[in-house]
file entry_30.cif (mmCIF, C-alpha atoms)
data_upload
#
loop_
_atom_site.label_atom_id
_atom_site.label_comp_id
_atom_site.auth_asym_id
_atom_site.auth_seq_id
_atom_site.Cartn_x
_atom_site.Cartn_y
_atom_site.Cartn_z
CA MET A 1 -45.99 3.80 102.99
CA ARG A 2 -49.05 3.85 100.81
CA LYS A 3 -49.42 5.27 97.39
CA ALA A 4 -52.07 5.09 94.77
CA LEU A 5 -51.17 4.06 91.30
CA PRO A 6 -51.97 6.66 88.67
CA LEU A 7 -55.36 6.14 87.12
CA ALA A 8 -53.76 5.91 83.71
CA VAL A 9 -52.22 2.68 84.81
CA THR A 10 -55.56 1.04 85.28
CA ALA A 11 -56.75 2.12 81.87
CA ALA A 12 -54.10 0.12 80.15
CA CYS A 13 -55.06 -3.32 79.06
CA GLY A 14 -52.95 -6.37 79.32
CA VAL A 15 -52.77 -7.60 82.79
CA ALA A 16 -50.55 -9.70 84.93
CA MET A 17 -48.82 -10.18 88.17
CA LEU A 18 -45.69 -11.64 89.52
CA GLY A 19 -45.27 -15.24 88.69
CA THR A 20 -47.91 -17.73 89.45
CA ALA A 21 -51.65 -17.53 89.50
CA LEU A 22 -53.36 -16.62 92.71
CA PRO A 23 -53.40 -19.50 95.17
CA ALA A 24 -56.66 -21.20 96.02
CA THR A 25 -56.89 -19.17 99.19
CA ALA A 26 -57.99 -16.21 97.12
CA SER A 27 -61.50 -17.55 96.93
CA GLU A 28 -61.60 -18.24 100.66
CA THR A 29 -61.23 -14.65 101.70
CA GLU A 30 -64.34 -12.60 101.47
CA GLY A 31 -64.01 -9.10 100.20
CA SER A 32 -64.99 -6.48 102.74
CA GLY A 33 -67.08 -4.74 100.12
CA GLY A 34 -64.63 -1.94 99.50
CA ASP A 35 -63.85 -1.01 95.94
CA ALA A 36 -60.10 -0.87 96.29
CA ALA A 37 -57.69 -3.75 96.63
CA MET A 38 -54.58 -3.41 98.75
CA LEU A 39 -51.34 -4.75 97.32
CA SER A 40 -47.97 -5.05 98.99
CA VAL A 41 -44.93 -6.38 97.21
CA LEU A 42 -42.08 -8.32 98.81
CA HIS A 43 -38.74 -8.74 97.10
CA GLY A 44 -37.43 -12.12 98.14
CA VAL A 45 -34.94 -12.91 95.35
CA PRO A 46 -31.39 -12.63 96.70
CA ASP A 47 -28.70 -10.52 95.07
CA THR A 48 -30.88 -8.82 92.45
CA THR A 49 -32.15 -5.27 92.56
CA VAL A 50 -35.15 -4.96 90.26
CA ASP A 51 -37.88 -2.67 89.00
CA VAL A 52 -41.52 -3.66 89.13
CA PHE A 53 -43.89 -2.68 86.31
CA VAL A 54 -47.65 -2.64 86.74
CA ASN A 55 -49.57 -2.48 83.47
CA GLY A 56 -46.44 -1.27 81.73
CA GLU A 57 -45.71 1.55 84.16
CA ARG A 58 -42.62 1.46 86.33
CA THR A 59 -44.17 1.35 89.81
CA LEU A 60 -41.26 0.30 92.01
CA ASP A 61 -37.80 1.57 91.14
CA ASP A 62 -34.60 -0.03 92.43
CA PHE A 63 -36.42 -2.54 94.59
CA ALA A 64 -33.84 -4.29 96.76
CA PRO A 65 -33.88 -7.84 98.14
CA GLY A 66 -35.57 -7.99 101.53
CA ASP A 67 -37.61 -4.86 100.89
CA LEU A 68 -41.36 -4.60 101.25
CA ALA A 69 -43.31 -2.01 99.30
CA GLY A 70 -46.84 -0.84 99.77
CA PRO A 71 -49.55 -1.26 100.43
CA LEU A 72 -50.60 0.20 97.11
CA GLU A 73 -54.28 1.01 96.95
CA LEU A 74 -55.55 -0.21 93.58
CA PRO A 75 -58.99 -0.21 92.02
CA ALA A 76 -60.31 -3.75 91.77
CA GLY A 77 -59.60 -5.26 88.41
CA ASP A 78 -57.10 -7.07 86.24
CA TYR A 79 -53.41 -6.18 86.26
CA GLU A 80 -50.26 -7.22 84.52
CA ILE A 81 -47.16 -7.20 86.64
CA ALA A 82 -43.62 -7.72 85.44
CA VAL A 83 -40.30 -7.68 87.25
CA THR A 84 -37.29 -6.44 85.31
CA ALA A 85 -33.64 -5.68 85.87
CA SER A 86 -33.26 -2.37 87.68
CA ASP A 87 -31.85 -0.59 84.62
CA ALA A 88 -34.56 -1.75 82.20
CA GLN A 89 -36.05 0.85 79.87
CA ASP A 90 -39.42 -0.91 79.87
CA ASP A 91 -40.96 -4.25 80.77
CA SER A 92 -40.29 -5.97 77.46
CA GLU A 93 -37.65 -8.25 78.97
CA PRO A 94 -38.93 -9.27 82.38
CA VAL A 95 -36.94 -11.53 84.69
CA ILE A 96 -40.20 -12.61 86.30
CA GLY A 97 -43.56 -12.59 84.55
CA PRO A 98 -45.40 -10.82 83.14
CA VAL A 99 -48.30 -12.38 84.96
CA ASN A 100 -51.96 -11.54 84.86
CA VAL A 101 -53.81 -11.24 88.10
CA THR A 102 -57.26 -10.16 89.15
CA LEU A 103 -57.45 -8.08 92.30
CA ASP A 104 -60.81 -8.18 94.07
CA GLY A 105 -62.09 -5.11 95.87
CA GLY A 106 -61.70 -5.15 99.64
CA VAL A 107 -59.04 -7.85 99.55
CA ASN A 108 -55.51 -7.41 100.84
CA TYR A 109 -52.76 -9.08 98.80
CA THR A 110 -49.03 -9.53 99.05
CA ALA A 111 -47.18 -10.40 95.87
CA ALA A 112 -43.81 -11.96 96.59
CA ALA A 113 -41.05 -12.22 94.03
CA HIS A 114 -38.98 -15.11 95.28
CA LEU A 115 -37.17 -18.35 94.49
CA ASP A 116 -38.98 -21.63 94.16
CA ALA A 117 -37.78 -24.68 96.04
CA GLU A 118 -35.28 -25.41 93.27
CA GLY A 119 -33.90 -21.88 93.20
CA GLN A 120 -35.67 -20.51 90.11
CA PRO A 121 -37.17 -17.00 90.27
CA THR A 122 -40.93 -17.05 90.52
CA ALA A 123 -43.69 -15.12 92.20
CA THR A 124 -46.68 -15.82 94.37
CA ALA A 125 -49.66 -13.66 95.17
CA PHE A 126 -50.82 -14.32 98.70
CA VAL A 127 -54.18 -13.24 100.07
CA ASN A 128 -53.80 -11.72 103.52
CA ASP A 129 -56.53 -12.87 105.88
CA THR A 130 -58.04 -9.69 107.30
CA SER A 131 -60.92 -11.30 109.18
CA ALA A 132 -61.51 -9.93 112.68
CA LEU A 133 -59.42 -11.20 115.59
CA ASP A 134 -60.64 -11.69 119.14
CA ALA A 135 -59.51 -8.93 121.51
CA GLY A 136 -56.04 -9.69 122.78
CA ASN A 137 -55.08 -11.91 119.87
CA GLY A 138 -52.79 -11.48 116.92
CA ARG A 139 -52.47 -13.51 113.75
CA LEU A 140 -49.12 -15.10 112.94
CA VAL A 141 -48.72 -16.12 109.32
CA VAL A 142 -45.66 -18.00 108.10
CA ARG A 143 -44.80 -18.20 104.39
CA HIS A 144 -42.10 -20.33 102.82
CA VAL A 145 -40.69 -18.51 99.79
CA ALA A 146 -37.11 -19.76 100.01
CA ALA A 147 -35.08 -22.10 97.83
CA ALA A 148 -35.11 -24.75 100.52
CA PRO A 149 -36.85 -28.02 101.31
CA ALA A 150 -39.94 -28.23 103.51
CA VAL A 151 -39.39 -26.75 106.95
CA ASP A 152 -40.77 -26.90 110.46
CA VAL A 153 -41.58 -23.55 112.04
CA TRP A 154 -40.88 -23.39 115.77
CA ALA A 155 -42.52 -21.08 118.29
CA ASN A 156 -41.14 -20.92 121.83
CA GLY A 157 -39.27 -24.19 121.43
CA GLU A 158 -42.12 -26.23 119.98
CA VAL A 159 -43.01 -27.08 116.41
CA ALA A 160 -45.94 -24.82 115.57
CA VAL A 161 -46.13 -25.55 111.85
CA PRO A 162 -44.71 -28.85 110.60
CA GLY A 163 -43.67 -29.55 107.05
CA LEU A 164 -44.26 -26.17 105.40
CA ALA A 165 -43.18 -26.28 101.75
CA ASN A 166 -42.46 -23.50 99.22
CA PRO A 167 -44.72 -21.56 98.41
CA ASP A 168 -47.19 -22.53 101.13
CA GLU A 169 -48.37 -20.57 104.13
CA GLN A 170 -49.90 -21.33 107.50
CA SER A 171 -51.84 -19.03 109.80
CA LEU A 172 -52.28 -19.14 113.57
CA ASP A 173 -54.35 -16.87 115.79
CA LEU A 174 -52.71 -16.61 119.19
CA PRO A 175 -52.43 -14.28 122.19
CA ALA A 176 -50.46 -11.17 121.32
CA GLY A 177 -46.89 -11.01 122.57
CA THR A 178 -43.35 -11.86 121.68
CA ILE A 179 -42.57 -15.36 120.54
CA GLU A 180 -39.20 -16.91 119.87
CA ALA A 181 -39.41 -18.20 116.32
CA ALA A 182 -37.08 -20.54 114.51
CA VAL A 183 -37.08 -22.52 111.29
CA SER A 184 -35.56 -25.96 110.84
CA VAL A 185 -35.49 -28.42 108.00
CA ALA A 186 -38.64 -30.53 108.44
CA GLY A 187 -38.08 -33.29 110.98
CA GLU A 188 -34.88 -31.77 112.34
CA SER A 189 -34.29 -29.61 115.36
CA ASP A 190 -31.24 -27.48 114.48
CA PRO A 191 -32.46 -24.10 113.29
CA VAL A 192 -31.51 -22.91 109.83
CA LEU A 193 -33.10 -19.54 110.70
CA GLY A 194 -33.35 -17.96 114.11
CA PRO A 195 -34.20 -18.26 116.84
CA ALA A 196 -35.42 -14.68 116.61
CA ASP A 197 -37.94 -12.70 118.60
CA VAL A 198 -41.10 -12.02 116.63
CA GLU A 199 -43.64 -9.58 117.98
CA VAL A 200 -47.15 -10.88 117.34
CA THR A 201 -49.06 -7.61 117.35
CA GLU A 202 -52.56 -7.49 118.80
CA GLY A 203 -55.29 -6.96 116.27
CA ALA A 204 -52.91 -7.38 113.35
CA ALA A 205 -51.43 -10.04 111.13
CA THR A 206 -47.69 -10.49 111.54
CA ILE A 207 -46.51 -12.24 108.40
CA VAL A 208 -43.10 -13.85 108.50
CA TYR A 209 -41.41 -14.90 105.27
CA ALA A 210 -38.52 -17.32 105.06
CA TRP A 211 -36.73 -16.26 101.87
CA GLY A 212 -33.39 -16.61 100.16
CA SER A 213 -31.50 -19.78 99.32
CA ALA A 214 -30.37 -22.56 101.64
CA GLU A 215 -27.71 -23.68 99.17
CA ASP A 216 -26.20 -20.20 98.91
CA GLY A 217 -26.44 -19.58 102.63
CA SER A 218 -28.70 -16.57 102.07
CA LEU A 219 -31.76 -17.66 104.05
CA ALA A 220 -33.36 -14.77 105.91
CA LEU A 221 -36.57 -13.75 107.62
CA ALA A 222 -38.71 -10.84 106.50
CA THR A 223 -41.83 -9.55 108.19
CA GLN A 224 -44.93 -7.68 107.14
CA THR A 225 -47.69 -6.36 109.36
CA VAL A 226 -51.28 -5.91 108.23
CA GLU A 227 -53.29 -3.96 110.78
CA GLY A 228 -56.91 -3.23 111.51
CA MET A 229 -58.38 -6.59 112.52
CA HIS A 230 -58.75 -5.75 116.21
CA SER A 231 -61.96 -6.16 118.19
CA ALA A 232 -63.03 -4.43 121.37
CA PRO A 233 -63.01 -6.47 124.58
CA GLY A 234 -66.31 -8.15 125.34
CA GLY A 235 -66.86 -5.98 128.37
CA VAL A 236 -65.33 -3.87 131.10
CA PRO A 237 -66.03 -5.72 134.36
CA THR A 238 -65.40 -2.96 136.85
CA GLY A 239 -68.09 -3.67 139.39
CA ASN A 240 -67.60 -6.97 141.15
CA THR A 241 -67.75 -5.50 144.63
CA GLN A 242 -70.58 -3.40 145.93
CA VAL A 243 -69.49 -0.01 147.16
CA PRO A 244 -70.50 0.11 150.86
CA ALA A 245 -72.39 3.39 150.75
CA GLU A 246 -74.96 1.80 148.53
CA GLY A 247 -75.63 -0.90 151.06
CA GLN A 248 -77.00 1.86 153.25
CA GLY A 249 -79.79 2.54 150.86
CA LEU A 250 -78.30 4.81 148.24
CA TRP A 251 -79.91 3.15 145.29
CA TRP A 252 -80.01 4.37 141.78
CA ALA A 253 -83.37 5.38 140.50
CA ALA A 254 -84.63 2.87 137.99
CA GLY A 255 -85.29 3.90 134.42
CA GLY A 256 -83.33 5.60 131.73
CA GLY A 257 -83.38 9.27 132.62
CA ALA A 258 -81.09 11.26 134.80
CA LEU A 259 -80.18 9.60 138.04
CA LEU A 260 -80.06 11.43 141.28
CA LEU A 261 -77.43 10.41 143.70
CA ALA A 262 -78.49 11.09 147.22
CA ALA A 263 -75.67 12.61 149.14
CA ALA A 264 -75.44 11.08 152.52
CA GLY A 265 -72.67 9.94 154.78
CA ALA A 266 -69.16 11.16 155.19
CA VAL A 267 -67.90 9.59 151.99
CA THR A 268 -70.28 11.17 149.54
CA ALA A 269 -70.38 14.46 151.39
CA LEU A 270 -66.92 15.15 150.05
CA ARG A 271 -68.07 14.75 146.51
CA ARG A 272 -70.00 16.96 144.26
CA ARG A 273 -73.69 16.27 144.09
CA THR A 274 -75.02 16.04 140.62
CA SER A 275 -76.83 13.85 138.21
CA VAL A 276 -75.42 11.45 135.72
CA ARG A 277 -76.63 12.18 132.27
CA ALA A 278 -77.42 9.20 130.16
CA MET B 1 -40.41 0.67 100.22
CA ALA B 2 -38.54 -0.35 103.30
CA SER B 3 -36.56 -3.25 104.60
CA ALA B 4 -38.76 -6.00 105.95
CA ALA B 5 -36.05 -7.29 108.26
CA LEU B 6 -37.07 -8.17 111.79
CA ARG B 7 -36.87 -5.24 114.15
CA PRO B 8 -38.22 -4.40 117.58
CA VAL B 9 -41.41 -2.39 117.84
CA ALA B 10 -40.85 1.05 119.35
CA PRO B 11 -43.31 1.44 122.22
CA VAL B 12 -45.33 4.59 122.78
CA PRO B 13 -45.07 6.00 126.34
CA ALA B 14 -47.83 4.44 128.44
CA PRO B 15 -50.15 6.54 130.60
CA VAL B 16 -49.07 6.22 134.23
CA ARG B 17 -51.22 8.71 136.16
CA LEU B 18 -54.83 9.88 135.96
CA ASP B 19 -55.88 13.13 137.60
CA TYR B 20 -59.57 14.00 137.52
CA GLU B 21 -59.62 16.84 140.01
CA ALA B 22 -63.33 17.67 139.80
CA ILE B 23 -64.30 14.28 141.20
CA GLY B 24 -61.27 13.92 143.45
CA ALA B 25 -59.83 10.99 141.51
CA GLU B 26 -56.06 10.72 141.34
CA MET B 27 -54.81 7.30 140.42
CA THR B 28 -51.90 5.21 139.30
CA VAL B 29 -52.52 3.70 135.86
CA VAL B 30 -51.10 0.33 134.85
CA PRO B 31 -51.19 -1.36 131.44
CA THR B 32 -53.51 -4.33 131.07
CA GLY B 33 -54.88 -6.45 128.28
CA VAL B 34 -57.65 -8.97 127.92
CA ALA B 35 -58.72 -11.50 130.56
CA GLY B 36 -59.43 -15.13 129.77
CA ASP B 37 -63.12 -14.40 129.36
CA GLY B 38 -62.50 -11.87 126.59
CA GLN B 39 -63.25 -8.85 128.76
CA MET B 40 -60.82 -6.06 129.58
CA GLU B 41 -58.46 -7.00 132.38
CA ILE B 42 -59.03 -4.82 135.48
CA PRO B 43 -56.68 -4.62 138.51
CA GLU B 44 -58.13 -6.20 141.66
CA ASP B 45 -57.61 -3.04 143.68
CA ALA B 46 -60.08 -0.26 142.86
CA SER B 47 -57.43 2.35 143.69
CA VAL B 48 -55.46 1.33 140.59
CA ALA B 49 -56.68 2.08 137.08
CA ALA B 50 -56.10 -0.02 133.98
CA TRP B 51 -55.02 1.28 130.61
CA TYR B 52 -56.00 -0.94 127.68
CA ARG B 53 -52.52 -1.40 126.28
CA PHE B 54 -53.63 -2.83 122.93
CA GLY B 55 -55.43 0.39 122.08
CA PRO B 56 -54.09 3.92 121.68
CA ALA B 57 -52.02 5.77 124.27
CA PRO B 58 -52.29 9.56 124.64
CA ALA B 59 -48.98 10.01 122.84
CA ASP B 60 -50.40 8.31 119.75
CA GLY B 61 -52.37 11.48 119.11
CA GLU B 62 -55.37 9.63 117.67
CA GLY B 63 -58.03 7.18 118.75
CA ASN B 64 -59.37 6.44 122.19
CA THR B 65 -57.17 5.90 125.24
CA VAL B 66 -59.29 3.66 127.48
CA ILE B 67 -58.73 3.76 131.24
CA ALA B 68 -60.93 1.76 133.60
CA ALA B 69 -61.10 0.81 137.27
CA HIS B 70 -63.36 -1.03 139.64
CA ALA B 71 -65.95 1.09 141.40
CA GLY B 72 -64.98 -0.66 144.60
CA SER B 73 -62.95 -3.62 145.78
CA GLU B 74 -62.18 -5.54 148.92
CA HIS B 75 -59.01 -3.58 149.54
CA THR B 76 -60.47 -0.23 148.49
CA PRO B 77 -64.21 -0.36 149.25
CA GLU B 78 -64.85 2.84 147.36
CA GLY B 79 -62.51 3.40 144.45
CA PRO B 80 -61.72 6.85 143.04
CA LEU B 81 -63.63 6.14 139.84
CA TYR B 82 -66.80 5.36 141.80
CA ALA B 83 -67.21 9.13 141.63
CA LEU B 84 -67.40 8.99 137.82
CA ARG B 85 -71.17 9.05 138.34
CA THR B 86 -70.74 12.68 139.30
CA ALA B 87 -68.72 13.57 136.20
CA ARG B 88 -69.92 16.62 134.30
CA THR B 89 -69.54 17.76 130.73
CA GLY B 90 -66.78 20.36 130.61
CA ASP B 91 -64.68 18.86 133.38
CA THR B 92 -60.94 18.75 132.77
CA VAL B 93 -59.11 15.43 133.08
CA ARG B 94 -55.34 15.05 132.96
CA VAL B 95 -53.23 12.04 132.10
CA GLU B 96 -49.49 11.84 132.56
CA ASP B 97 -47.52 9.41 130.43
CA ALA B 98 -44.28 7.58 131.17
CA SER B 99 -42.24 10.29 129.46
CA GLY B 100 -43.61 12.84 131.94
CA ARG B 101 -45.78 14.55 129.36
CA GLN B 102 -49.17 15.85 130.51
CA HIS B 103 -52.21 15.32 128.30
CA ALA B 104 -55.37 17.32 129.00
CA TYR B 105 -58.92 16.43 128.02
CA ARG B 106 -62.35 18.02 128.37
CA VAL B 107 -65.34 15.81 129.18
CA SER B 108 -67.86 15.79 126.33
CA ARG B 109 -70.15 12.94 127.32
CA VAL B 110 -71.19 11.10 130.48
CA GLU B 111 -73.12 7.90 129.85
CA ARG B 112 -74.62 5.12 131.93
CA LEU B 113 -75.33 2.06 129.82
CA GLY B 114 -76.61 -1.41 130.70
CA LYS B 115 -73.84 -3.99 130.48
CA ASP B 116 -76.04 -6.56 128.80
CA GLY B 117 -75.35 -6.48 125.09
CA LEU B 118 -73.22 -3.34 125.35
CA ASP B 119 -70.94 -3.14 122.31
CA PHE B 120 -67.68 -1.45 123.26
CA THR B 121 -66.44 -1.17 119.69
CA PRO B 122 -66.92 2.61 119.36
CA TYR B 123 -65.32 3.24 122.75
CA PHE B 124 -62.19 1.28 121.84
CA THR B 125 -61.68 2.81 118.41
CA ARG B 126 -58.05 3.20 117.42
CA SER B 127 -58.59 5.91 114.86
CA GLY B 128 -60.24 9.30 114.75
CA PRO B 129 -59.73 12.25 117.10
CA GLU B 130 -57.63 11.77 120.23
CA ARG B 131 -59.96 11.02 123.13
CA LEU B 132 -59.87 9.70 126.65
CA VAL B 133 -62.51 7.16 127.69
CA LEU B 134 -62.96 6.42 131.40
CA VAL B 135 -64.99 3.41 132.44
CA THR B 136 -66.26 2.04 135.71
CA CYS B 137 -69.42 0.35 136.91
CA GLY B 138 -72.59 1.84 138.27
CA GLY B 139 -76.31 1.60 138.30
CA GLN B 140 -78.08 -0.98 140.38
CA TRP B 141 -76.16 -3.59 142.34
CA LEU B 142 -77.36 -7.02 141.30
CA PRO B 143 -76.76 -9.35 144.26
CA GLU B 144 -77.51 -12.46 142.24
CA ARG B 145 -74.75 -11.52 139.78
CA GLN B 146 -72.46 -9.91 142.33
CA SER B 147 -72.12 -7.09 139.84
CA TYR B 148 -73.46 -3.70 138.93
CA ALA B 149 -75.95 -3.57 136.10
CA ASP B 150 -74.33 -0.75 134.16
CA ASN B 151 -71.11 0.75 132.95
CA ILE B 152 -70.49 4.43 133.51
CA ILE B 153 -68.55 5.78 130.57
CA VAL B 154 -67.01 9.23 130.38
CA VAL B 155 -65.71 10.45 127.02
CA ALA B 156 -63.32 13.41 126.92
CA GLU B 157 -61.80 15.28 123.98
CA SER B 158 -58.13 16.17 123.72
CA LEU B 159 -57.20 19.75 124.56
CA ASP B 160 -53.69 19.38 123.14
#

call {"tool": "encode", "arguments": {"input": "entry_30.cif", "output": "structure tokens"}}
result
Amino acid sequence: MRKALPLAVTAACGVAMLGTALPATASETEGSGGDAAMLSVLHGVPDTTVDVFVNGERTLDDFAPGDLAGPLELPAGDYEIAVTASDAQDDSEPVIGPVNVTLDGGVNYTAAAHLDAEGQPTATAFVNDTSALDAGNGRLVVRHVAAAPAVDVWANGEVAVPGLANPDEQSLDLPAGTIEAAVSVAGESDPVLGPADVEVTEGAATIVYAWGSAEDGSLALATQTVEGMHSAPGGVPTGNTQVPAEGQGLWWAAGGGALLLAAAGAVTALRRRTSVRA
Amino acid sequence: MASAALRPVAPVPAPVRLDYEAIGAEMTVVPTGVAGDGQMEIPEDASVAAWYRFGPAPADGEGNTVIAAHAGSEHTPEGPLYALRTARTGDTVRVEDASGRQHAYRVSRVERLGKDGLDFTPYFTRSGPERLVLVTCGGQWLPERQSYADNIIVVAESLD
């Protein structure tokens, strides 16, 4: 789902976004030069349905825990984002924020409303790495936004990311396919989440969030996919064996123009004679 | 907004059969991906065609479905797609997908391009009009490389 915010929204002043300032990774991701920023919003606070206000306008209504909204396509610039109770008349009494954030053009963001490690509501704006992937690869990103201690993230029975703490993230480029993912308390092997099959999509970022609260038994996984980072294969190697007819002297004419295929022999006699147009 | 809970990805029916009557090519199509060297993975046997499974399928209704096969192989000295060099603009090509649906295309371009430095990005596009792209090798056989010098690329537009 994608929707553009009304232009009036951007004209308002006052600016902010969920919770904390942008993490340092913001400066590490180069904008692609586009004018618009992409913003998704994840609701990772258990038990509370909320509304999200952007620059004073109610943008997400009755936003439920575990839901992902967006991406919203927003003009680059400064925004104020506030999260309120779902029956709020306006954003004057936010439960999270308001927070000011600057969205750079061509950058893809996810703002997560979530609990900090101690269980207090907060928010983090993540920058989604949209740099190109090699053909055949996908990007797996894990984000810890749960009220829980540092965790180890397991992939196919091995620790892939050790000691991930709230609100940190880790990114891995790996061959596309299904992995069995699990989350344990750091240094332990019993999963507190999973194991669950996670599809690492080729050419895309598959972002897995651990959210909820360990103490309340509400830990859960949420996923987001950001597409469009695929690359074409480096080549199409379809000619590793010489077709026998050519060994009998049926060579291609050199040069860039039309090529005449001499028709000789039983094999080619069955085929239409013509030229290949370059 | 939608739940971000984990859920399986619903696959699109894969192409399973290629029928290019005008050049006498009728082939089984199997899904492949990327080989260790970063190139498209191609079945050993030239009688079997590869569909690039990371890109669009005909049922996606947009972007390029890429199907490729060896010009020849040990088991099949002359593969059906060897005849791609005789492809003509206006030819009709049919692809059947795993759901049994037939997709028809009309050839709009026949190209022979040197492999060296060839950028396949436009041929593997995942957006834009629904097209079929057929690829094999052609041009001069280079004994020192044990490979043909060129790719033959046929682009066809959807008739659906």

call {"tool": "interface_residues", "arguments": {"input": "entry_30.cif", "of": "chain B", "to": "chain A", "cutoff": "7 Å", "atoms": "all atoms listed in the file", "output": "ChimeraX atom specification"}}
result
/B:1-6,23,33-34,38-40,42,54,69-73,77-78,85-86,110-112,120-121,124,136-137,139-141,146-148

call {"tool": "write_last_selection", "arguments": {"input": "entry_30.cif", "atoms": "C-alpha atoms", "output": "PDB file, in the coordinates of the input"}}
result
ATOM      1  CA  MET B   1     -40.410   0.670 100.220  1.00  0.00           C
ATOM      2  CA  ALA B   2     -38.540  -0.350 103.300  1.00  0.00           C
ATOM      3  CA  SER B   3     -36.560  -3.250 104.600  1.00  0.00           C
ATOM      4  CA  ALA B   4     -38.760  -6.000 105.950  1.00  0.00           C
ATOM      5  CA  ALA B   5     -36.050  -7.290 108.260  1.00  0.00           C
ATOM      6  CA  LEU B   6     -37.070  -8.170 111.790  1.00  0.00           C
ATOM      7  CA  ILE B  23     -64.300  14.280 141.200  1.00  0.00           C
ATOM      8  CA  GLY B  33     -54.880  -6.450 128.280  1.00  0.00           C
ATOM      9  CA  VAL B  34     -57.650  -8.970 127.920  1.00  0.00           C
ATOM     10  CA  GLY B  38     -62.500 -11.870 126.590  1.00  0.00           C
ATOM     11  CA  GLN B  39     -63.250  -8.850 128.760  1.00  0.00           C
ATOM     12  CA  MET B  40     -60.820  -6.060 129.580  1.00  0.00           C
ATOM     13  CA  ILE B  42     -59.030  -4.820 135.480  1.00  0.00           C
ATOM     14  CA  PHE B  54     -53.630  -2.830 122.930  1.00  0.00           C
ATOM     15  CA  ALA B  69     -61.100   0.810 137.270  1.00  0.00           C
ATOM     16  CA  HIS B  70     -63.360  -1.030 139.640  1.00  0.00           C
ATOM     17  CA  ALA B  71     -65.950   1.090 141.400  1.00  0.00           C
ATOM     18  CA  GLY B  72     -64.980  -0.660 144.600  1.00  0.00           C
ATOM     19  CA  SER B  73     -62.950  -3.620 145.780  1.00  0.00           C
ATOM     20  CA  PRO B  77     -64.210  -0.360 149.250  1.00  0.00           C
ATOM     21  CA  GLU B  78     -64.850   2.840 147.360  1.00  0.00           C
ATOM     22  CA  ARG B  85     -71.170   9.050 138.340  1.00  0.00           C
ATOM     23  CA  THR B  86     -70.740  12.680 139.300  1.00  0.00           C
ATOM     24  CA  VAL B 110     -71.190  11.100 130.480  1.00  0.00           C
ATOM     25  CA  GLU B 111     -73.120   7.900 129.850  1.00  0.00           C
ATOM     26  CA  ARG B 112     -74.620   5.120 131.930  1.00  0.00           C
ATOM     27  CA  PHE B 120     -67.680  -1.450 123.260  1.00  0.00           C
ATOM     28  CA  THR B 121     -66.440  -1.170 119.690  1.00  0.00           C
ATOM     29  CA  PHE B 124     -62.190   1.280 121.840  1.00  0.00           C
ATOM     30  CA  THR B 136     -66.260   2.040 135.710  1.00  0.00           C
ATOM     31  CA  CYS B 137     -69.420   0.350 136.910  1.00  0.00           C
ATOM     32  CA  GLY B 139     -76.310   1.600 138.300  1.00  0.00           C
ATOM     33  CA  GLN B 140     -78.080  -0.980 140.380  1.00  0.00           C
ATOM     34  CA  TRP B 141     -76.160  -3.590 142.340  1.00  0.00           C
ATOM     35  CA  GLN B 146     -72.460  -9.910 142.330  1.00  0.00           C
ATOM     36  CA  SER B 147     -72.120  -7.090 139.840  1.00  0.00           C
ATOM     37  CA  TYR B 148     -73.460  -3.700 138.930  1.00  0.00           C
TER      38      TYR B 148
END

call {"tool": "resolve_selection", "arguments": {"input": "entry_30.cif", "expression": "the PyMOL selection byres ((chain A and resi 164) around 10)", "output": "PyMOL selection string"}}
result
chain A and resi 142-144+149-153+161-163+165-170+183+185-186

call {"tool": "atom_distance", "arguments": {"input": "entry_30.cif", "atom1": "CA of Asp60 (chain B)", "atom2": "CA of Glu130 (chain B)"}}
result
8.0 Å

call {"tool": "atom_distance", "arguments": {"input": "entry_30.cif", "atom1": "CA of Leu174 (chain A)", "atom2": "CA of Gly187 (chain A)"}}
result
23.7 Å

call {"tool": "residues_around", "arguments": {"input": "entry_30.cif", "residues": "Arg58 (chain A)", "least_positions_apart": "5", "cutoff": "9 Å", "atoms": "only C-alpha atoms", "output": "PDB file with C-alpha atoms, keeping the file's coordinate frame"}}
result
ATOM      1  CA  ASP A  51     -37.880  -2.670  89.000  1.00  0.00           C
ATOM      2  CA  VAL A  52     -41.520  -3.660  89.130  1.00  0.00           C
ATOM      3  CA  PHE A  53     -43.890  -2.680  86.310  1.00  0.00           C
ATOM      4  CA  ASP A  90     -39.420  -0.910  79.870  1.00  0.00           C
ATOM      5  CA  ASP A  91     -40.960  -4.250  80.770  1.00  0.00           C
TER       6      ASP A  91
END

call {"tool": "resolve_selection", "arguments": {"input": "entry_30.cif", "expression": "the PyMOL selection byres ((chain A and resi 92-100) around 12)", "output": "ChimeraX atom specification"}}
result
/A:13-22,43,45,48-58,77-91,101-103,111-115,120-125

call {"tool": "atom_distance", "arguments": {"input": "entry_30.cif", "atom1": "CA of Val93 (chain B)", "atom2": "CA of Ala10 (chain B)"}}
result
27.0 Å

call {"tool": "residues_around", "arguments": {"input": "entry_30.cif", "residues": "Pro129 (chain B)", "least_positions_apart": "4", "cutoff": "9 Å", "atoms": "only C-alpha atoms", "output": "list in words"}}
result
Gly61, Glu62, Gly63, Asn64, Glu157 and Ser158 of chain B

call {"tool": "resolve_selection", "arguments": {"input": "entry_30.cif", "expression": "the PyMOL selection byres ((chain B and resi 154) around 7)", "output": "PyMOL selection string"}}
result
chain B and resi 107+109-111+133-135+152-153+155-156

call {"tool": "closest_residue", "arguments": {"input": "entry_30.cif", "among": "B:Pro43, B:Pro122, B:Gly138, B:Gly24", "to": "Thr76 (chain B)", "atoms": "all atoms listed in the file"}}
result
B:Pro43
